[in-house]
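Structure below is run-v5.cif: mmCIF, C-alpha atoms.
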data_upload
loop_
_atom_site.group_PDB
_atom_site.id
_atom_site.type_symbol
_atom_site.label_atom_id
_atom_site.label_comp_id
_atom_site.auth_asym_id
_atom_site.auth_seq_id
_atom_site.Cartn_x
_atom_site.Cartn_y
_atom_site.Cartn_z
ATOM 1 C CA MET A 1 18.777 -19.370 -5.044
ATOM 2 C CA ARG A 2 17.690 -20.316 -8.545
ATOM 3 C CA GLY A 3 14.281 -18.743 -7.980
ATOM 4 C CA PHE A 4 15.921 -15.470 -6.991
ATOM 5 C CA TRP A 5 17.878 -15.298 -10.245
ATOM 6 C CA LEU A 6 14.866 -16.262 -12.343
ATOM 7 C CA THR A 7 12.835 -13.541 -10.656
ATOM 8 C CA ALA A 8 15.605 -10.981 -11.197
ATOM 9 C CA ILE A 9 15.889 -11.911 -14.876
ATOM 10 C CA ALA A 10 12.120 -11.818 -15.403
ATOM 11 C CA VAL A 11 11.675 -8.443 -13.697
ATOM 12 C CA ASN A 12 14.572 -6.903 -15.590
ATOM 13 C CA LEU A 13 13.435 -8.211 -18.970
ATOM 14 C CA ILE A 14 9.890 -6.951 -18.442
ATOM 15 C CA TRP A 15 11.113 -3.582 -17.151
ATOM 16 C CA TRP A 16 13.574 -3.000 -19.998
ATOM 17 C CA GLY A 17 10.989 -4.249 -22.482
ATOM 18 C CA LEU A 18 8.472 -1.683 -21.270
ATOM 19 C CA TYR A 19 11.158 1.003 -21.319
ATOM 20 C CA PHE A 20 12.257 0.253 -24.897
ATOM 21 C CA TRP A 21 8.652 -0.090 -26.041
ATOM 22 C CA ALA A 22 7.703 3.316 -24.592
ATOM 23 C CA LYS A 23 10.905 4.927 -25.906
ATOM 24 C CA ALA A 24 10.241 3.529 -29.401
ATOM 25 C CA ILE A 25 6.745 5.032 -29.370
ATOM 26 C CA GLN A 26 8.197 8.418 -28.430
ATOM 27 C CA GLN A 27 10.803 8.263 -31.196
ATOM 28 C CA HIS A 28 8.427 6.820 -33.812
ATOM 29 C CA ALA A 29 10.561 3.697 -34.147
ATOM 30 C CA PRO A 30 9.502 0.043 -34.385
ATOM 31 C CA THR A 31 8.307 -1.329 -31.056
ATOM 32 C CA SER A 32 9.228 -4.943 -31.752
ATOM 33 C CA ASP A 33 12.416 -4.865 -29.642
ATOM 34 C CA GLY A 34 10.518 -3.914 -26.512
ATOM 35 C CA LEU A 35 7.784 -6.446 -27.189
ATOM 36 C CA ILE A 36 10.378 -9.208 -27.617
ATOM 37 C CA LEU A 37 11.956 -8.340 -24.277
ATOM 38 C CA ILE A 38 8.532 -8.334 -22.610
ATOM 39 C CA ALA A 39 7.764 -11.752 -24.119
ATOM 40 C CA LEU A 40 11.088 -13.123 -22.860
ATOM 41 C CA GLY A 41 10.330 -11.736 -19.393
ATOM 42 C CA LEU A 42 6.924 -13.395 -19.391
ATOM 43 C CA ALA A 43 8.535 -16.660 -20.504
ATOM 44 C CA ALA A 44 10.981 -16.440 -17.583
ATOM 45 C CA THR A 45 8.022 -15.801 -15.269
ATOM 46 C CA ALA A 46 6.221 -18.875 -16.610
ATOM 47 C CA TRP A 47 9.387 -20.926 -16.102
ATOM 48 C CA LEU A 48 9.629 -19.696 -12.504
ATOM 49 C CA LEU A 49 5.986 -20.601 -11.838
ATOM 50 C CA HIS A 50 6.533 -24.040 -13.351
ATOM 51 C CA GLU A 51 9.538 -24.693 -11.135
ATOM 52 C CA ASN A 52 7.745 -23.499 -8.013
ATOM 53 C CA VAL A 53 4.710 -25.688 -8.645
ATOM 54 C CA ARG A 54 6.929 -28.655 -9.526
ATOM 55 C CA ASP A 55 8.999 -28.239 -6.353
ATOM 56 C CA THR A 56 6.008 -27.901 -4.022
ATOM 57 C CA ASP A 57 3.962 -30.734 -5.593
ATOM 58 C CA LEU A 58 0.879 -28.530 -5.525
ATOM 59 C CA HIS A 59 -1.098 -30.789 -7.859
ATOM 60 C CA HIS A 60 -0.892 -33.924 -5.670
ATOM 61 C CA PRO A 61 -3.637 -33.052 -3.135
ATOM 62 C CA PHE A 62 -6.052 -32.270 -5.968
ATOM 63 C CA SER A 63 -5.271 -35.295 -8.092
ATOM 64 C CA SER A 64 -6.370 -37.852 -5.527
ATOM 65 C CA ARG A 65 -9.979 -38.889 -6.095
ATOM 66 C CA CYS A 66 -10.553 -39.800 -2.475
ATOM 67 C CA SER A 67 -9.444 -36.489 -0.969
ATOM 68 C CA PHE A 68 -11.073 -34.373 -3.662
ATOM 69 C CA ARG A 69 -14.430 -36.158 -3.722
ATOM 70 C CA TRP A 70 -14.707 -36.874 -0.005
ATOM 71 C CA PRO A 71 -17.493 -34.395 0.843
ATOM 72 C CA TYR A 72 -19.566 -35.721 -2.058
ATOM 73 C CA ALA A 73 -18.891 -39.364 -1.228
ATOM 74 C CA ALA A 74 -20.119 -38.821 2.352
ATOM 75 C CA SER A 75 -23.366 -37.249 1.180
ATOM 76 C CA PRO A 76 -26.287 -39.568 0.328
ATOM 77 C CA PHE A 77 -27.411 -37.268 -2.514
ATOM 78 C CA PHE A 78 -24.295 -37.596 -4.698
#
Render the structure in this file as structure tokens.
Amino acid sequence: MRGFWLTAIAVNLIWWGLYFWAKAIQQHAPTSDGLILIALGLAATAWLLHENVRDTDLHHPFSSRCSFRWPYAASPFF
């Protein structure tokens, strides 16, 4: 459920950031507000990716030397 809310927050921040950025360009106003919202949306996306990788333990199969180097260890040339 937490991933759903993080995704909703990230999508909304990026969408409203793009909207305010484009609207500021049309009205010849500073675009910093939209860029800040986009940056916050990208930060929420990075947080979501971090939580998903942490929960699935994606790095464990690649961190083991035996499982990662097995094809090379079986070959007489390496």
- Item | Among listed residues A:Pro30, A:Ile25, A:Thr45, A:Ile38, nearest A:Leu6 (using all atoms listed in the file) |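 Going through A:Pro30, A:Ile25, A:Thr45, A:Ile38 one by one, the smallest distance to A:Leu6 is for A:Thr45.
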- Message: From (13.0, -8.1, -29.2), in the file's coordinates, out to 12 Å: which residues are reached, counting all atoms listed in the file? Answer as an MDAnalysis selection string.
- Response: chainID A and resid 13:14 16:18 20:21 24 30:41
- Task: List the residues selected by the PyMOL selection byres ((chain A and resi 47) around 12) in the file shown, writing them as a PyMOL selection string.
- Result: chain A and resi 2-3+5-7+9-10+40-46+48-54
Let's have the selection written as a PDB file, in the coordinates of the input, with C-alpha atoms.
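After the write, result-v4.pdb holds the following:
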ATOM      1  CA  ARG A   2      17.690 -20.316  -8.545  1.00  0.00           C
ATOM      2  CA  GLY A   3      14.281 -18.743  -7.980  1.00  0.00           C
ATOM      3  CA  TRP A   5      17.878 -15.298 -10.245  1.00  0.00           C
ATOM      4  CA  LEU A   6      14.866 -16.262 -12.343  1.00  0.00           C
ATOM      5  CA  THR A   7      12.835 -13.541 -10.656  1.00  0.00           C
ATOM      6  CA  ILE A   9      15.889 -11.911 -14.876  1.00  0.00           C
ATOM      7  CA  ALA A  10      12.120 -11.818 -15.403  1.00  0.00           C
ATOM      8  CA  LEU A  40      11.088 -13.123 -22.860  1.00  0.00           C
ATOM      9  CA  GLY A  41      10.330 -11.736 -19.393  1.00  0.00           C
ATOM     10  CA  LEU A  42       6.924 -13.395 -19.391  1.00  0.00           C
ATOM     11  CA  ALA A  43       8.535 -16.660 -20.504  1.00  0.00           C
ATOM     12  CA  ALA A  44      10.981 -16.440 -17.583  1.00  0.00           C
ATOM     13  CA  THR A  45       8.022 -15.801 -15.269  1.00  0.00           C
ATOM     14  CA  ALA A  46       6.221 -18.875 -16.610  1.00  0.00           C
ATOM     15  CA  LEU A  48       9.629 -19.696 -12.504  1.00  0.00           C
ATOM     16  CA  LEU A  49       5.986 -20.601 -11.838  1.00  0.00           C
ATOM     17  CA  HIS A  50       6.533 -24.040 -13.351  1.00  0.00           C
ATOM     18  CA  GLU A  51       9.538 -24.693 -11.135  1.00  0.00           C
ATOM     19  CA  ASN A  52       7.745 -23.499  -8.013  1.00  0.00           C
ATOM     20  CA  VAL A  53       4.710 -25.688  -8.645  1.00  0.00           C
ATOM     21  CA  ARG A  54       6.929 -28.655  -9.526  1.00  0.00           C
TER      22      ARG A  54
END
